[in-house]
Structures are given as C-alpha cells and as structure tokens.
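Trainee: Structure: entry21.txt, compact mmCIF, C-alpha atoms and all ligand atoms.
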```
# COMPACT_ATOMS: atom_id res chain seq x y z
CA MET A 1 201.36 -8.02 152.70
CA PRO A 2 198.24 -10.03 153.43
CA THR A 3 196.92 -11.80 150.39
CA PRO A 4 193.47 -10.47 149.53
CA SER A 5 190.81 -13.05 150.22
CA PRO A 6 189.22 -14.23 146.97
CA GLN A 7 186.00 -12.42 146.13
CA PRO A 8 183.04 -14.72 146.65
CA ALA A 9 181.59 -15.61 143.26
CA ARG A 10 178.62 -13.43 142.39
CA THR A 11 175.51 -15.27 141.30
CA VAL A 12 173.18 -14.18 138.53
CA ARG A 13 170.65 -13.10 141.14
CA ALA A 14 173.14 -11.08 143.21
CA ALA A 15 174.63 -9.45 140.10
CA LEU A 16 171.19 -8.44 138.87
CA ASP A 17 170.11 -7.09 142.25
CA ARG A 18 173.22 -4.96 142.61
CA ALA A 19 173.12 -3.65 139.05
CA THR A 20 169.42 -2.86 139.33
CA SER A 21 169.98 -0.66 142.35
CA GLU A 22 172.97 1.04 140.71
CA LEU A 23 170.92 1.85 137.62
CA THR A 24 167.89 2.91 139.63
CA ALA A 25 170.08 5.31 141.59
CA THR A 26 171.15 7.06 138.38
CA GLY A 27 167.57 7.42 137.16
CA VAL A 28 167.49 4.68 134.51
CA PRO A 29 163.78 4.05 133.89
CA ASP A 30 163.57 0.25 133.46
CA ALA A 31 166.58 -0.64 135.57
CA ARG A 32 165.80 -4.34 136.13
CA TYR A 33 165.00 -4.99 132.49
CA ASP A 34 168.17 -3.24 131.33
CA ALA A 35 170.28 -5.11 133.89
CA GLU A 36 168.87 -8.40 132.60
CA GLN A 37 169.54 -7.53 128.98
CA LEU A 38 173.10 -6.48 129.75
CA LEU A 39 173.79 -9.55 131.88
CA ALA A 40 172.52 -11.77 129.08
CA LYS A 41 174.97 -10.00 126.78
CA ALA A 42 177.88 -10.31 129.24
CA LEU A 43 177.18 -14.03 129.63
CA ASN A 44 176.45 -14.49 125.94
CA GLU A 45 173.28 -16.28 126.99
CA GLY A 46 169.55 -15.86 126.50
CA MET A 47 167.13 -14.39 129.02
CA LEU A 48 165.85 -17.86 129.84
CA LEU A 49 169.05 -18.79 131.65
CA LEU A 50 168.81 -15.71 133.84
CA ARG A 51 165.31 -16.65 134.86
CA THR A 52 165.90 -20.38 135.36
CA GLN A 53 169.39 -20.38 136.93
CA PRO A 54 169.51 -17.48 139.41
CA GLU A 55 172.19 -19.23 141.45
CA ARG A 56 174.62 -19.68 138.53
CA PRO A 57 177.93 -18.05 139.50
CA LEU A 58 179.59 -15.52 137.21
CA SER A 59 183.18 -16.10 136.12
CA VAL A 60 185.63 -13.26 136.70
CA ASP A 61 185.52 -12.37 132.99
CA GLU A 62 181.75 -12.38 132.92
CA ALA A 63 181.55 -10.20 136.02
CA THR A 64 184.05 -7.74 134.55
CA ARG A 65 182.17 -7.54 131.27
CA PHE A 66 178.89 -7.01 133.09
CA ASP A 67 180.30 -4.31 135.38
CA THR A 68 181.64 -2.42 132.37
CA LEU A 69 178.27 -2.52 130.63
CA ILE A 70 176.49 -1.36 133.77
CA ARG A 71 178.95 1.49 134.21
CA HIS A 72 178.15 2.71 130.70
CA ARG A 73 174.40 2.35 131.22
CA ALA A 74 174.66 4.23 134.52
CA ARG A 75 176.07 7.13 132.47
CA ARG A 76 172.78 6.92 130.59
CA GLU A 77 174.19 5.51 127.38
CA PRO A 78 171.21 3.95 125.60
CA LEU A 79 170.69 0.25 126.16
CA GLN A 80 170.56 -0.23 122.39
CA HIS A 81 174.03 1.27 121.92
CA LEU A 82 175.42 -1.19 124.45
CA LEU A 83 173.59 -4.16 122.96
CA GLY A 84 174.36 -2.94 119.42
CA ASN A 85 170.90 -3.66 118.12
CA GLN A 86 167.21 -2.95 118.41
CA PRO A 87 164.27 -5.12 117.37
CA PHE A 88 161.99 -3.43 114.85
CA ARG A 89 158.92 -5.38 113.73
CA SER A 90 160.29 -8.70 112.39
CA LEU A 91 163.87 -7.44 112.17
CA ILE A 92 166.75 -7.04 114.57
CA LEU A 93 168.61 -3.97 113.36
CA LYS A 94 172.14 -2.89 114.00
CA VAL A 95 172.22 0.51 115.72
CA THR A 96 175.15 2.79 116.49
CA PRO A 97 175.39 6.37 117.78
CA ALA A 98 175.30 7.44 114.09
CA THR A 99 171.53 6.99 113.82
CA LEU A 100 168.31 7.48 115.68
CA ILE A 101 167.33 4.34 117.60
CA PRO A 102 164.14 2.97 116.00
CA ARG A 103 161.07 3.62 118.17
CA PRO A 104 157.88 1.59 118.65
CA GLU A 105 155.87 4.51 117.23
CA THR A 106 157.71 4.07 113.95
CA GLU A 107 156.65 0.42 113.90
CA GLU A 108 153.11 1.79 113.91
CA LEU A 109 154.00 4.09 111.02
CA VAL A 110 155.01 0.99 109.03
CA ASP A 111 151.65 -0.60 109.88
CA ARG A 112 149.89 2.40 108.42
CA ALA A 113 152.14 2.32 105.35
CA LEU A 114 151.27 -1.32 104.69
CA LYS A 115 147.57 -0.39 104.85
CA VAL A 116 148.13 2.42 102.36
CA LEU A 117 149.98 0.04 100.04
CA GLU A 118 146.99 -2.33 99.97
CA THR A 119 145.33 0.06 97.54
CA ALA A 120 148.51 0.94 95.63
CA PRO A 121 149.66 -0.73 92.38
CA ASP A 122 150.83 -4.35 92.58
CA ALA A 123 154.53 -3.57 92.74
CA PRO A 124 154.48 -0.21 94.50
CA ARG A 125 157.47 2.07 94.64
CA VAL A 126 158.23 3.49 98.05
CA LEU A 127 160.59 6.33 98.99
CA ASP A 128 161.89 6.56 102.57
CA LEU A 129 163.41 9.96 103.33
CA GLY A 130 166.05 10.03 106.09
CA THR A 131 166.24 6.30 106.55
CA GLY A 132 168.74 6.18 109.45
CA THR A 133 169.12 2.50 110.37
CA GLY A 134 166.93 1.68 107.37
CA CYS A 135 164.16 0.52 109.70
CA ILE A 136 161.17 1.78 107.70
CA ALA A 137 162.58 0.82 104.30
CA LEU A 138 163.66 -2.67 105.37
CA ALA A 139 160.44 -3.44 107.25
CA ILE A 140 158.32 -2.43 104.25
CA ALA A 141 160.51 -4.42 101.85
CA THR A 142 160.24 -7.46 104.13
CA GLU A 143 156.52 -7.26 104.81
CA HIS A 144 155.47 -6.21 101.31
CA PRO A 145 157.60 -8.51 99.15
CA ALA A 146 156.44 -6.95 95.87
CA SER A 147 157.43 -3.43 96.87
CA ARG A 148 160.55 -1.69 95.61
CA VAL A 149 162.03 0.74 98.06
CA THR A 150 164.41 3.66 97.69
CA ALA A 151 165.90 4.99 100.92
CA VAL A 152 167.76 8.29 101.18
CA GLU A 153 170.09 9.37 103.96
CA LEU A 154 172.15 12.55 104.33
CA SER A 155 174.65 11.27 106.90
CA ASP A 156 177.16 8.91 105.37
CA THR A 157 177.86 7.19 108.69
CA ALA A 158 174.13 6.55 109.13
CA LEU A 159 173.98 5.31 105.56
CA GLY A 160 176.70 2.81 106.46
CA VAL A 161 174.44 1.43 109.19
CA ALA A 162 171.50 1.21 106.77
CA LYS A 163 173.75 -0.62 104.32
CA ALA A 164 174.89 -3.12 106.95
CA ASN A 165 171.25 -3.82 107.84
CA THR A 166 170.25 -4.11 104.19
CA ASP A 167 173.09 -6.56 103.49
CA HIS A 168 172.33 -8.55 106.64
CA TYR A 169 168.77 -9.20 105.49
CA GLY A 170 169.78 -9.87 101.88
CA LEU A 171 167.66 -6.95 100.68
CA THR A 172 170.27 -5.22 98.55
CA GLY A 173 168.33 -5.95 95.37
CA ARG A 174 165.04 -4.61 96.78
CA VAL A 175 166.15 -1.60 98.82
CA HIS A 176 168.09 0.98 96.92
CA LEU A 177 170.15 3.25 99.21
CA LEU A 178 171.08 6.77 98.13
CA HIS A 179 173.30 9.32 99.81
CA GLY A 180 172.00 12.87 99.89
CA ASP A 181 169.50 15.44 101.06
CA LEU A 182 165.82 14.40 100.69
CA TYR A 183 164.94 14.37 96.96
CA ALA A 184 168.31 15.65 95.74
CA PRO A 185 170.00 12.30 94.93
CA LEU A 186 167.01 10.85 93.03
CA PRO A 187 167.20 10.33 89.28
CA THR A 188 164.99 12.98 87.63
CA ALA A 189 162.34 10.64 86.32
CA ASP A 190 161.79 8.63 89.52
CA ARG A 191 158.20 8.68 90.85
CA PHE A 192 156.82 6.91 93.91
CA ASP A 193 153.48 5.56 95.06
CA LEU A 194 154.32 6.27 98.67
CA ILE A 195 156.73 8.77 100.19
CA ILE A 196 157.34 7.98 103.84
CA SER A 197 159.50 9.62 106.50
CA ASN A 198 160.24 9.86 110.18
CA PRO A 199 162.05 13.19 109.99
CA PRO A 200 163.57 15.20 112.82
CA TYR A 201 160.62 16.90 114.52
CA LEU A 202 161.58 18.12 117.99
CA THR A 203 162.00 21.80 118.79
CA PRO A 204 165.33 22.80 120.36
CA GLY A 205 163.45 23.24 123.66
CA GLU A 206 161.95 19.75 123.51
CA TRP A 207 165.38 18.36 122.71
CA ARG A 208 166.86 20.01 125.81
CA GLU A 209 164.11 18.44 127.93
CA ALA A 210 164.58 14.96 126.46
CA GLN A 211 165.95 12.01 128.44
CA PRO A 212 169.77 11.97 128.65
CA GLU A 213 169.80 8.83 126.49
CA VAL A 214 168.22 10.84 123.67
CA ARG A 215 169.80 14.25 124.21
CA ASP A 216 173.36 13.15 124.96
CA PHE A 217 173.72 10.05 122.80
CA GLU A 218 171.48 10.23 119.73
CA PRO A 219 172.38 12.53 116.82
CA ARG A 220 170.82 15.95 117.32
CA TRP A 221 170.34 16.44 113.58
CA ALA A 222 168.08 13.37 113.51
CA LEU A 223 165.90 14.82 116.25
CA VAL A 224 165.60 18.59 115.90
CA GLY A 225 163.55 19.92 112.99
CA GLY A 226 164.54 23.60 113.03
CA GLU A 227 163.28 26.26 115.45
CA ASP A 228 159.63 25.15 115.34
CA GLY A 229 160.30 21.43 114.74
CA LEU A 230 158.50 21.63 111.37
CA SER A 231 161.21 22.50 108.87
CA ALA A 232 161.63 18.95 107.51
CA TYR A 233 157.87 18.67 106.84
CA ARG A 234 157.88 21.87 104.77
CA ARG A 235 160.63 20.51 102.56
CA ILE A 236 159.18 16.99 102.34
CA PHE A 237 155.70 18.20 101.35
CA SER A 238 156.79 20.95 98.98
CA GLY A 239 159.00 18.50 97.09
CA ALA A 240 156.50 15.64 97.10
CA PRO A 241 154.16 16.61 94.20
CA ALA A 242 156.99 16.34 91.68
CA ARG A 243 157.90 12.89 92.98
CA LEU A 244 154.54 11.16 93.33
CA THR A 245 152.78 8.90 90.86
CA GLU A 246 149.13 9.59 90.17
CA GLY A 247 147.23 8.57 93.30
CA GLY A 248 150.41 8.55 95.37
CA SER A 249 150.54 9.47 99.07
CA VAL A 250 152.84 10.97 101.67
CA LEU A 251 152.95 9.44 105.15
CA VAL A 252 155.02 11.03 107.93
CA GLU A 253 155.57 10.48 111.61
CA ILE A 254 154.91 13.58 113.73
CA GLY A 255 155.22 14.74 117.32
CA TRP A 256 151.97 14.49 119.34
CA SER A 257 151.27 18.25 119.15
CA GLN A 258 152.03 18.70 115.45
CA GLY A 259 148.93 17.18 113.79
CA GLU A 260 147.26 20.42 112.78
CA ALA A 261 150.45 22.19 111.75
CA VAL A 262 151.66 19.32 109.55
CA ALA A 263 148.18 18.85 108.07
CA ALA A 264 148.21 22.55 107.11
CA ILE A 265 151.63 22.14 105.47
CA ALA A 266 150.29 19.18 103.48
CA ARG A 267 147.21 21.14 102.31
CA THR A 268 149.38 24.07 101.27
CA ALA A 269 151.42 21.68 99.13
CA GLY A 270 148.21 20.72 97.30
CA PHE A 271 146.92 17.58 99.03
CA ARG A 272 143.13 17.53 99.27
CA GLN A 273 142.80 14.60 101.63
CA VAL A 274 144.84 14.88 104.83
CA ASP A 275 144.30 12.59 107.82
CA VAL A 276 145.95 12.56 111.23
CA PHE A 277 146.29 9.16 112.92
CA GLN A 278 147.04 8.33 116.54
CA ASP A 279 149.56 5.94 118.05
CA LEU A 280 148.69 3.18 120.55
CA ALA A 281 148.95 5.71 123.36
CA GLY A 282 146.15 7.70 121.69
CA ARG A 283 148.36 10.64 120.69
CA ASP A 284 148.56 12.18 117.23
CA ARG A 285 151.52 10.45 115.57
CA MET A 286 151.11 10.29 111.79
CA VAL A 287 149.87 12.40 108.92
CA LEU A 288 148.72 10.81 105.67
CA ALA A 289 148.28 13.08 102.66
CA THR A 290 146.63 11.93 99.43
CA ASN A 291 144.61 13.19 96.52
CA LEU A 292 146.90 15.79 95.08
CA ILE A 293 145.41 18.72 93.16
CA ASN A 294 146.21 19.06 89.40
CA GLY A 295 145.08 15.75 88.06
CA LYS A 296 147.70 13.82 90.01
CA GLY A 297 145.59 11.51 92.16
N1 LIG B 301 160.13 10.27 118.87
C1 LIG B 301 161.45 10.80 119.02
C2 LIG B 301 161.65 11.32 120.43
O1 LIG B 301 160.72 11.76 121.04
C3 LIG B 301 161.73 11.88 118.02
C4 LIG B 301 161.95 11.25 116.70
C5 LIG B 301 162.11 12.25 115.63
O2 LIG B 301 162.44 13.41 115.81
N2 LIG B 301 161.86 11.77 114.47
O3 LIG B 301 162.73 11.27 120.94
```
Now, as a test, write the supplied structure out as structure tokens.
Ligand code: GLN

Mentor:
Amino acid sequence: MPTPSPQPARTVRAALDRATSELTATGVPDARYDAEQLLAKALNEGMLLLRTQPERPLSVDEATRFDTLIRHRARREPLQHLLGNQPFRSLILKVTPATLIPRPETEELVDRALKVLETAPDAPRVLDLGTGTGCIALAIATEHPASRVTAVELSDTALGVAKANTDHYGLTGRVHLLHGDLYAPLPTADRFDLIISNPPYLTPGEWREAQPEVRDFEPRWALVGGEDGLSAYRRIFSGAPARLTEGGSVLVEIGWSQGEAVAAIARTAGFRQVDVFQDLAGRDRMVLATNLINGKG
C-alpha cells in the first residue's frame, strides 16, 4: 500500500478562502465574516491574527476543529450557537438553542428604555417579560446602575441561560429572575415603573419564511405569537395596568408591520399616550405606552 503523501499544511488564507466558498454555496449570507469568526474560534485566537498572519499554517487539530465548525455552519446552524455567545450592547452573552439569539433591534429597544427611565423615579423598578438570555434585563441593570430589574421566563432551560449570564456579570443582587408565565410568578404587591418585553411576534407564515438559522434552530415558541402574531401583546397590555406604578410605562418590541395593531391593543388596555418608534432601518420597531387612565399616571 502506498503511504499517503502528507497533506500540505493549510494556511489561514487558504482555509478562509475554502470555507468562504463552501458557506457561500449553501447560502450563508455573510460567509467570509462567519468563516473568520469560526477560524478565530478554532485557533483560539483573535481576529487580528487572521488579518496580520495570513500565511500562518494550521495544525492538524486546528484544521479539524475548523472543518467541523464550517460543516455545522454550512447546515445553517446559527453562528452564535457555534461561537456560544453574542455581543449585546456592553455585554457578551452566553446563547444556546434554548433561547432567542439577541438581535441588534433589541439593543435599540434598550436605548429607548434608558430614555424612558430618565424621567422615572431615582431607583426605578423594571420588569422584563420573557427574558430569554436575559439580554434586556442585564443591559438595563448594567447601564442604569440604580435600577432594580425583575426578569420572568417561562422556559426553564432559557431561564438557566439567563441565570448563567446574570451570574457571569455579578448581577444576581440586581436582577431578580423568576420562572413562570408573564405576570403569574410575581408577588401580588409588586409594581413596576417600566414593563418591557421582546415577545414572540411572528405569524406562523412569517416563521415559515424565515431564514433557516431562525426557523430550524431558534425556539419556535420564542418567535411565533399566535395566529396573528399579536397574542403576547394582548396578554402583556391587559395585565399591565395592575402591575404599573403611577406614571409607569410599557415598552415592547414589535414587527415592522405591527405598529398600528399593537398601538390599538395598548389603547384598549387604557393607555392614553401611545407612540410607535422606528429602528435604525427606519421601520416601526417599538411601541411605548404611558399615561394610563384611572388616575394611574
Ligand atoms: N426579530 C425576530 C425575527 O425576525 C423576531 C423576534 C421576536 O419574535 N421577538 O426573527
């Protein structure tokens, strides 16, 4: 039997070029970027090395690790699942298939929340419904150090991810995690200055049309909000009046076509001031409801 000739060592550049075309061929949107991120992970190195040492050869172990990661990504597993984390504002959050992967639009929701909290009491109480990774709750706790945050999550595996993130950032004393459905696990007397949520809001049809990364790898229950995509908003807004302090507000993320429908739900629940805000792409993305009828606010 002829001995196989040793494989020539692959360089960083060659590995990236090959992986980029493999990923492009399977429809991965930012193939080069993803290949770079995954190579950095396989090499346990930063991006700088990839850019400054394109001729560095890969060891056999490194090449094997990289090929495995690329194989998974080519099956359209989300980059964040393979990396195990996702940056969110000033945080780097653990993510697993148990939760929604935090999106840039939700970073904008936190921006809006911080603006709302500028006019709230000095040590505002915030309630995050359906916290997932804990992204909203942890970002607010970090960026508004006087705030006290309660975060609720129905899925216990997702809650485990939120807990890991909370522990990692040493926020256990400031972010109180509760297991349950929306308002159900809250102590009866608890009231909040801001109720915030990025609930499931896709319709089943939108979910079917979503990218494979979303449809096949993120939890459906975190994405689909009933037949019309609005069921979570009805429950959030109808339960809010009993949970708000005087002057308190509700702020939710919405799908780009849901502004009017969610605003109507908020008005029905008794909010007199309802505003729809856009994301950086100029699409409706948030609804803020304040000024509750009946003396509250
Ligand atoms: N923005 C997400 C998407 O389009 C949906 C997030 C959600 O339902 N809260 O995939």

Trainee: Which polymer residues have any atom within 12 Å of an atom of Thr119 of chain A, counting all atoms listed in the file, with same-chain residues fewer than 2 positions away left out, as a list in words?

Mentor: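 Counting only the stated atoms, we get Ala113, Leu114, Lys115, Val116, Leu117, Pro121, Asp122, Ala123, Pro124, Asp193, Leu194, Gly247, Gly248 and Ser249 of chain A.
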
Trainee: What are the centre and edge lengths in Å, to one decimal, of the axis-aligned box around all listed atoms of ligand LIG 301 (chain B) with 6 Å added on each side, as lines of an AutoDock Vina configuration file?

Mentor:
```
center_x = 161.4
center_y = 11.8
center_z = 117.8
size_x = 14.6
size_y = 15.1
size_z = 18.6
```

Trainee: For atom CA of Glu213 of chain A and atom CA of Pro104 of chain A, quote the distance in Å rounded to one decimal.

Mentor: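 So the two atoms, atom CA of Glu213 of chain A and atom CA of Pro104 of chain A, lie 16.0 Å apart.
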
Trainee: Would you write out, as a Markdown table, a table of all residues in chain A that have an atom no more than 12 Å from an atom of ligand LIG 301 (chain B), listing for each the closest atom pair and the distance in Å to one decimal, considering all atoms listed in the file and ordering rows by chain and rising residue number?

Mentor:
```
| residue | atom | partner | partner_atom | distance |
| --- | --- | --- | --- | --- |
| A:Thr99 | CA | B:LIG301 | N2 | 10.8 |
| A:Leu100 | CA | B:LIG301 | C4 | 7.5 |
| A:Ile101 | CA | B:LIG301 | C4 | 8.8 |
| A:Pro102 | CA | B:LIG301 | C4 | 8.6 |
| A:Arg103 | CA | B:LIG301 | N1 | 6.8 |
| A:Pro104 | CA | B:LIG301 | N1 | 9.0 |
| A:Glu105 | CA | B:LIG301 | N1 | 7.3 |
| A:Thr106 | CA | B:LIG301 | N1 | 8.3 |
| A:Glu107 | CA | B:LIG301 | N1 | 11.6 |
| A:Leu109 | CA | B:LIG301 | N2 | 11.5 |
| A:Leu129 | CA | B:LIG301 | N2 | 11.4 |
| A:Gly130 | CA | B:LIG301 | N2 | 9.5 |
| A:Thr131 | CA | B:LIG301 | N2 | 10.6 |
| A:Gly132 | CA | B:LIG301 | N2 | 10.2 |
| A:Ser197 | CA | B:LIG301 | N2 | 8.6 |
| A:Asn198 | CA | B:LIG301 | N2 | 5.0 |
| A:Pro199 | CA | B:LIG301 | N2 | 4.7 |
| A:Pro200 | CA | B:LIG301 | O2 | 3.7 |
| A:Tyr201 | CA | B:LIG301 | O2 | 4.1 |
| A:Leu202 | CA | B:LIG301 | O2 | 5.3 |
| A:Thr203 | CA | B:LIG301 | O2 | 8.9 |
| A:Pro204 | CA | B:LIG301 | O2 | 10.8 |
| A:Glu206 | CA | B:LIG301 | O1 | 8.5 |
| A:Trp207 | CA | B:LIG301 | O3 | 7.8 |
| A:Arg208 | CA | B:LIG301 | O3 | 10.8 |
| A:Glu209 | CA | B:LIG301 | O3 | 10.1 |
| A:Ala210 | CA | B:LIG301 | O3 | 6.9 |
| A:Gln211 | CA | B:LIG301 | O3 | 8.2 |
| A:Pro212 | CA | B:LIG301 | O3 | 10.5 |
| A:Glu213 | CA | B:LIG301 | O3 | 9.3 |
| A:Val214 | CA | B:LIG301 | O3 | 6.1 |
| A:Arg215 | CA | B:LIG301 | O3 | 8.3 |
| A:Asp216 | CA | B:LIG301 | O3 | 11.5 |
| A:Phe217 | CA | B:LIG301 | O3 | 11.2 |
| A:Glu218 | CA | B:LIG301 | O3 | 8.9 |
| A:Pro219 | CA | B:LIG301 | O2 | 10.0 |
| A:Arg220 | CA | B:LIG301 | O2 | 8.9 |
| A:Trp221 | CA | B:LIG301 | O2 | 8.8 |
| A:Ala222 | CA | B:LIG301 | O2 | 6.1 |
| A:Leu223 | CA | B:LIG301 | O2 | 3.8 |
| A:Val224 | CA | B:LIG301 | O2 | 6.1 |
| A:Gly225 | CA | B:LIG301 | O2 | 7.2 |
| A:Gly226 | CA | B:LIG301 | O2 | 10.8 |
| A:Gly229 | CA | B:LIG301 | O2 | 8.4 |
| A:Leu230 | CA | B:LIG301 | O2 | 10.1 |
| A:Ser231 | CA | B:LIG301 | O2 | 11.5 |
| A:Ala232 | CA | B:LIG301 | N2 | 10.0 |
| A:Tyr233 | CA | B:LIG301 | N2 | 11.0 |
| A:Val252 | CA | B:LIG301 | N2 | 9.5 |
| A:Glu253 | CA | B:LIG301 | N2 | 7.0 |
| A:Ile254 | CA | B:LIG301 | N2 | 7.2 |
| A:Gly255 | CA | B:LIG301 | N1 | 6.8 |
| A:Trp256 | CA | B:LIG301 | N1 | 9.2 |
| A:Ser257 | CA | B:LIG301 | O1 | 11.6 |
| A:Gln258 | CA | B:LIG301 | O2 | 11.7 |
| A:Asp279 | CA | B:LIG301 | N1 | 11.5 |
| A:Arg283 | CA | B:LIG301 | N1 | 11.9 |
| A:Asp284 | CA | B:LIG301 | N1 | 11.8 |
| A:Arg285 | CA | B:LIG301 | N1 | 9.2 |
| A:Met286 | CA | B:LIG301 | N2 | 11.2 |
```

Trainee: With distances taken over all atoms listed in the file, which of A:Ala31, A:Ala120, A:Ile140, A:Ala9 is nearest to Asp61 of chain A?

Mentor: A:Ala9

Trainee: Hey, what's within 12 Å of Asn44 of chain A if we count all atoms listed in the file and toss same-chain stuff fewer than 2 positions away? As a list in words, please?

Mentor: Glu36, Gln37, Leu38, Leu39, Ala40, Lys41, Ala42, Gly46, Met47, Leu48, Leu49, Leu50, Leu58, Asp61, Glu62, Arg65, Phe66 and Leu83 of chain A

Trainee: For Ala266 of chain A, work out the shell of residues within 12 Å, counting all atoms listed in the file and skipping chain neighbours fewer than 2 positions away, then give it as a ChimeraX atom specification.

Mentor: /A:230,233-241,249-252,259-264,268-276,287-293

Trainee: Output C-alpha atoms for every residue in that selection, as a PDB file, in the coordinates of the input.

Mentor:
```pdb
ATOM      1  CA  LEU A 230     158.500  21.630 111.370  1.00  0.00           C
ATOM      2  CA  TYR A 233     157.870  18.670 106.840  1.00  0.00           C
ATOM      3  CA  ARG A 234     157.880  21.870 104.770  1.00  0.00           C
ATOM      4  CA  ARG A 235     160.630  20.510 102.560  1.00  0.00           C
ATOM      5  CA  ILE A 236     159.180  16.990 102.340  1.00  0.00           C
ATOM      6  CA  PHE A 237     155.700  18.200 101.350  1.00  0.00           C
ATOM      7  CA  SER A 238     156.790  20.950  98.980  1.00  0.00           C
ATOM      8  CA  GLY A 239     159.000  18.500  97.090  1.00  0.00           C
ATOM      9  CA  ALA A 240     156.500  15.640  97.100  1.00  0.00           C
ATOM     10  CA  PRO A 241     154.160  16.610  94.200  1.00  0.00           C
ATOM     11  CA  SER A 249     150.540   9.470  99.070  1.00  0.00           C
ATOM     12  CA  VAL A 250     152.840  10.970 101.670  1.00  0.00           C
ATOM     13  CA  LEU A 251     152.950   9.440 105.150  1.00  0.00           C
ATOM     14  CA  VAL A 252     155.020  11.030 107.930  1.00  0.00           C
ATOM     15  CA  GLY A 259     148.930  17.180 113.790  1.00  0.00           C
ATOM     16  CA  GLU A 260     147.260  20.420 112.780  1.00  0.00           C
ATOM     17  CA  ALA A 261     150.450  22.190 111.750  1.00  0.00           C
ATOM     18  CA  VAL A 262     151.660  19.320 109.550  1.00  0.00           C
ATOM     19  CA  ALA A 263     148.180  18.850 108.070  1.00  0.00           C
ATOM     20  CA  ALA A 264     148.210  22.550 107.110  1.00  0.00           C
ATOM     21  CA  THR A 268     149.380  24.070 101.270  1.00  0.00           C
ATOM     22  CA  ALA A 269     151.420  21.680  99.130  1.00  0.00           C
ATOM     23  CA  GLY A 270     148.210  20.720  97.300  1.00  0.00           C
ATOM     24  CA  PHE A 271     146.920  17.580  99.030  1.00  0.00           C
ATOM     25  CA  ARG A 272     143.130  17.530  99.270  1.00  0.00           C
ATOM     26  CA  GLN A 273     142.800  14.600 101.630  1.00  0.00           C
ATOM     27  CA  VAL A 274     144.840  14.880 104.830  1.00  0.00           C
ATOM     28  CA  ASP A 275     144.300  12.590 107.820  1.00  0.00           C
ATOM     29  CA  VAL A 276     145.950  12.560 111.230  1.00  0.00           C
ATOM     30  CA  VAL A 287     149.870  12.400 108.920  1.00  0.00           C
ATOM     31  CA  LEU A 288     148.720  10.810 105.670  1.00  0.00           C
ATOM     32  CA  ALA A 289     148.280  13.080 102.660  1.00  0.00           C
ATOM     33  CA  THR A 290     146.630  11.930  99.430  1.00  0.00           C
ATOM     34  CA  ASN A 291     144.610  13.190  96.520  1.00  0.00           C
ATOM     35  CA  LEU A 292     146.900  15.790  95.080  1.00  0.00           C
ATOM     36  CA  ILE A 293     145.410  18.720  93.160  1.00  0.00           C
TER      37      ILE A 293
END
```

Trainee: Could you check which of A:Leu138, A:Ala242, A:Ala146, A:Val161 is closest to Thr188 of chain A, using all atoms listed in the file?

Mentor: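 Using all atoms listed in the file, Thr188 of chain A sits closest to A:Ala242.
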
Trainee: Quick check, in Å to one decimal: how far apart do atom CA of Thr157 of chain A and atom CA of Tyr169 of chain A lie?

Mentor: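 It comes out at 19.0 Å.
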
Trainee: Which is closest to Thr24 of chain A among A:Arg73, A:Arg10, A:Arg51, A:Arg148, if we use all atoms listed in the file?

Mentor: A:Arg73

Trainee: With all atoms listed in the file as the counted atoms, please give the residues lying no more than 12 Å from segment 27-29 of chain A, apart from itself and same-chain residues fewer than 6 positions off, as a PDB file with C-alpha atoms, in the frame of the given file.

Mentor:
```pdb
ATOM      1  CA  ALA A  19     173.120  -3.650 139.050  1.00  0.00           C
ATOM      2  CA  THR A  20     169.420  -2.860 139.330  1.00  0.00           C
ATOM      3  CA  SER A  21     169.980  -0.660 142.350  1.00  0.00           C
ATOM      4  CA  ALA A  35     170.280  -5.110 133.890  1.00  0.00           C
ATOM      5  CA  ILE A  70     176.490  -1.360 133.770  1.00  0.00           C
ATOM      6  CA  ARG A  71     178.950   1.490 134.210  1.00  0.00           C
ATOM      7  CA  HIS A  72     178.150   2.710 130.700  1.00  0.00           C
ATOM      8  CA  ARG A  73     174.400   2.350 131.220  1.00  0.00           C
ATOM      9  CA  ALA A  74     174.660   4.230 134.520  1.00  0.00           C
ATOM     10  CA  ARG A  75     176.070   7.130 132.470  1.00  0.00           C
ATOM     11  CA  ARG A  76     172.780   6.920 130.590  1.00  0.00           C
ATOM     12  CA  GLU A  77     174.190   5.510 127.380  1.00  0.00           C
ATOM     13  CA  PRO A  78     171.210   3.950 125.600  1.00  0.00           C
ATOM     14  CA  LEU A  79     170.690   0.250 126.160  1.00  0.00           C
ATOM     15  CA  GLN A 211     165.950  12.010 128.440  1.00  0.00           C
ATOM     16  CA  PRO A 212     169.770  11.970 128.650  1.00  0.00           C
ATOM     17  CA  GLU A 213     169.800   8.830 126.490  1.00  0.00           C
TER      18      GLU A 213
END
```

Trainee: For the atom pair atom CA of Ile196 of chain A and atom CA of Asp128 of chain A, what is the interatomic distance in Å to one decimal place?

Mentor: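 Atom CA of Ile196 of chain A sits 4.9 Å away from atom CA of Asp128 of chain A.
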
Trainee: Excluding Arg13 of chain A and residues on its chain fewer than 6 positions from it, collect all residues at most 9 Å away from it, counting only C-alpha atoms, and give them as a PyMOL selection string.

Mentor: chain A and resi 50-51+53-57

Trainee: Which one of A:His179, A:His168, A:Lys163, A:Arg243 sits closest to Leu91 of chain A if you count all atoms listed in the file?

Mentor: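 Under the stated criterion, the closest residue is A:His168.
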
Trainee: Name the residues within 8 Å of (171.7, -3.7, 112.3), counting all atoms listed in the file in the file's coordinates, and put them as a VMD selection string.

Mentor: chain A and resid 84 to 86 92 to 95 133 161 to 162 164 to 165 168
